[in-house]
Each structure stands twice: as structure tokens, then as C-alpha cells.
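S.K.: Sharing a structure with you now.
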Amino acid sequence: MKPPTKKSMPTAFVQGFRVLLQEALAEKDVESQKKLTGCVGVYAFYDYDREPIYVGQTWESFGIRIRRHLTGQRSDTLAYRILDPFEVAEVELWPTEGLRAKFAAMSKLTTDKNELKKIGDEKRKALDAIEYSVYLAAIAGSKYHAILNEKIPPVSTPVALPASQRFVLVPPKLREEREHPDVRIARRAETLARVAAVAHERGEVSSGLRRVIVIQAVRLADLAAARLAYAEGRSRPSPTAIDVKELVGNVMAESNDEDADD
């Protein structure tokens, strides 16, 4: 009897999820006509309610960074614990190949270390501005007005965003079971417990991590309350029943004593 292949070992859902992710990354950036898997830029994840849950940026490639997030291969295990891959139902990508080409061309014009440093700083700030603009849009589009970023992107002047592409990552035939409220409540409770355990074990953690714990607790309470209301034949409670801003403070910029782990 031959042993099974590694690709056949995951569940049908995981296999289907990975196929859809691979297909999404194989699509081409409208501007550069480069496959998205090799593009750089900003990305956002959404849950089963199309609620934004996380925003990030990458100068390596979407293929590398997003696979790390969603396959548990992040070198930063804390980041993996904060974002539950099974809560991710959609991904949106903002490729910035134009920026990469621009700064690559600028770097070729000089060998001066100070000039190269300035170009590097400008490059970083340019992507930071796009990430912060996407972050602001995510906050505005969230019913909680907060998402699960431990580290808030550097405050920047909002800029016009490049064209984005958004993809569903959940196999249609398997969606009903995966998005069942009881499954999601259990997953959120487990995720919350894992992150809270990190805070307990480490003791000295960023205020960003403690903010994430509160936001995840709010997301859990909202979903559990909605399930209770459904069981009792009542309307779902409004998300405004919990004042997230009052609980976590400013989600637009880090506090002065912030020491977040990226």
C-alpha cells in the first residue's frame, strides 16, 4: 500500500481553500500584468460576514506573505495566533508594482549610501501611506470600527489607492458548515484563549496585543449574542450595544508607550 501524498492529507475544506488561494494569486495585476503572487503591496482579510479583520503590507510578495498568514508558517507565532486562518473568507489585494519600479529605478541612479537610505525611507513611507489608507477604510467599513491589527500602521496622509482585486477563498459547497455560528463561536473563543494565554505567559506585552484581546472578545460576544437571539426568536442585537471605542480607545494611532511586536 502506497502512503498518501502530502497534498491529499488535509481536509477537503483546507484543500479547497488552498486551491482558491492559488487561483487568486495566479490572477494578474491590471496595471503591471504581473501575476499577483509575485506582486508587492497591501492586503486585507475579511470574515464570513465580509467584515474586515486584518490589514497588512509586504515588500517581499503577496504569495509569500499571504501564504505565511494562512498556512500557519508565519515566523511570528503571535501574529498567527491573533489571526485565525479559518476565520478568513476573502482577501483583497492592492498591488503597488508601480511604486516598486519607481524606487528601483531611483536606486540605480546612485551609489551614495545616504541617498540610498533616503530612497529607502521614501519607499517605506509610500507603502505605509497606502497601508494606512486601507486601514482607515477597513475601520470605516467595520461595524465594530476596529480590526485585529496588533500594530496600527504608521499614521500617514491618506492617499488615493491603486486598483484592488478581491477574492473569495471558501469553497462554495463547504461554506455552510464552516460559517455556522456555533463553529465560529468556538473558533473565536479558542483564538481569544490562545492570545490571552500569550499575555499571561509573557506578562510584558504590547498594549496593541491587549487591544486585540478586547476586540476579539467583542467579536465573540456579538456573534454569541446573535446566536442567542436567534434561538429565542429575537432580532440580532446591534453591534453598537458594545461601545468598542470606549473599551479600546484610539484605533487610528499607537499610543506613545506602544511597543508592539510586528
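Residue numbering restarts at 1 for every chain of the C-alpha cells, chains are lettered A, B, ... in their displayed order, and ligands are numbered from 1 as they appear.
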If you run DSSP on this backbone, which residues of region 89-164 of chain A come out as strand (DSSP E), and could you give them as a list in words?
M.R.: Glu90, Val91, Glu92, Leu93, Trp94 and Pro95 of chain A
S.K.: Keeping only N, CA and C atoms, take the residues you just selected and write them out as an mmCIF file, in the first residue's frame.
M.R.:
data_model
loop_
_atom_site.group_PDB
_atom_site.id
_atom_site.type_symbol
_atom_site.label_atom_id
_atom_site.label_comp_id
_atom_site.auth_asym_id
_atom_site.auth_seq_id
_atom_site.Cartn_x
_atom_site.Cartn_y
_atom_site.Cartn_z
ATOM 1 N N GLU A 90 -12.329 35.916 2.705
ATOM 2 C CA GLU A 90 -11.993 36.683 1.499
ATOM 3 C C GLU A 90 -10.681 37.431 1.716
ATOM 4 N N VAL A 91 -10.008 37.723 0.615
ATOM 5 C CA VAL A 91 -8.794 38.526 0.664
ATOM 6 C C VAL A 91 -8.883 39.594 -0.427
ATOM 7 N N GLU A 92 -8.385 40.790 -0.107
ATOM 8 C CA GLU A 92 -8.336 41.873 -1.087
ATOM 9 C C GLU A 92 -6.890 42.350 -1.207
ATOM 10 N N LEU A 93 -6.451 42.565 -2.446
ATOM 11 C CA LEU A 93 -5.063 42.932 -2.711
ATOM 12 C C LEU A 93 -4.980 44.265 -3.439
ATOM 13 N N TRP A 94 -4.049 45.119 -3.002
ATOM 14 C CA TRP A 94 -3.753 46.386 -3.662
ATOM 15 C C TRP A 94 -2.305 46.328 -4.153
ATOM 16 N N PRO A 95 -2.054 45.863 -5.369
ATOM 17 C CA PRO A 95 -0.671 45.763 -5.861
ATOM 18 C C PRO A 95 -0.053 47.144 -6.037
#
S.K.: Using DSSP secondary structure from the backbone, list all alpha helix (DSSP H) positions within region 70-178 of chain A, as a PyMOL selection string.
M.R.: chain A and resi 70-71+77-82+97-107+113-141+172-178
S.K.: For a test of reading the model, state the distance in Å between CA of Gly16 (chain A) and CA of Val183 (chain A), rounded to one decimal.
M.R.: 18.3 Å
S.K.: Find the spatial neighbours of Leu99 (chain A), counting only C-alpha atoms, within a cut-off of 10 Å - ignore same-chain residues fewer than 4 positions away - and output them as a ChimeraX atom specification.
M.R.: /A:40-41,95,103-105,123,126-127
S.K.: Write the residues of the selection above to a file with C-alpha atoms, as a PDB file, in the first residue's frame.
M.R.:
ATOM      1  CA  VAL A  40       4.069  43.619  -3.611  1.00  0.00           C
ATOM      2  CA  GLY A  41       1.609  45.902  -1.883  1.00  0.00           C
ATOM      3  CA  PRO A  95      -0.671  45.763  -5.861  1.00  0.00           C
ATOM      4  CA  PHE A 103      12.091  53.231  -6.392  1.00  0.00           C
ATOM      5  CA  ALA A 104      14.126  50.521  -8.101  1.00  0.00           C
ATOM      6  CA  ALA A 105      14.858  52.985 -10.920  1.00  0.00           C
ATOM      7  CA  LYS A 123       9.826  53.825  -0.357  1.00  0.00           C
ATOM      8  CA  ALA A 126       4.959  55.444   0.342  1.00  0.00           C
ATOM      9  CA  LEU A 127       3.758  51.944   1.184  1.00  0.00           C
TER      10      LEU A 127
END
S.K.: Of the candidates A:Leu83, A:Leu174, A:Val88, A:Leu220, which shows the shortest atom-to-atom distance to Val195 (chain A), using only C-alpha atoms?
M.R.: A:Leu83
S.K.: Could you tell me which of A:Val42, A:Ile53, A:Pro162, A:Leu136 comes closest to Arg65 (chain A) if we count only C-alpha atoms?
M.R.: A:Val42
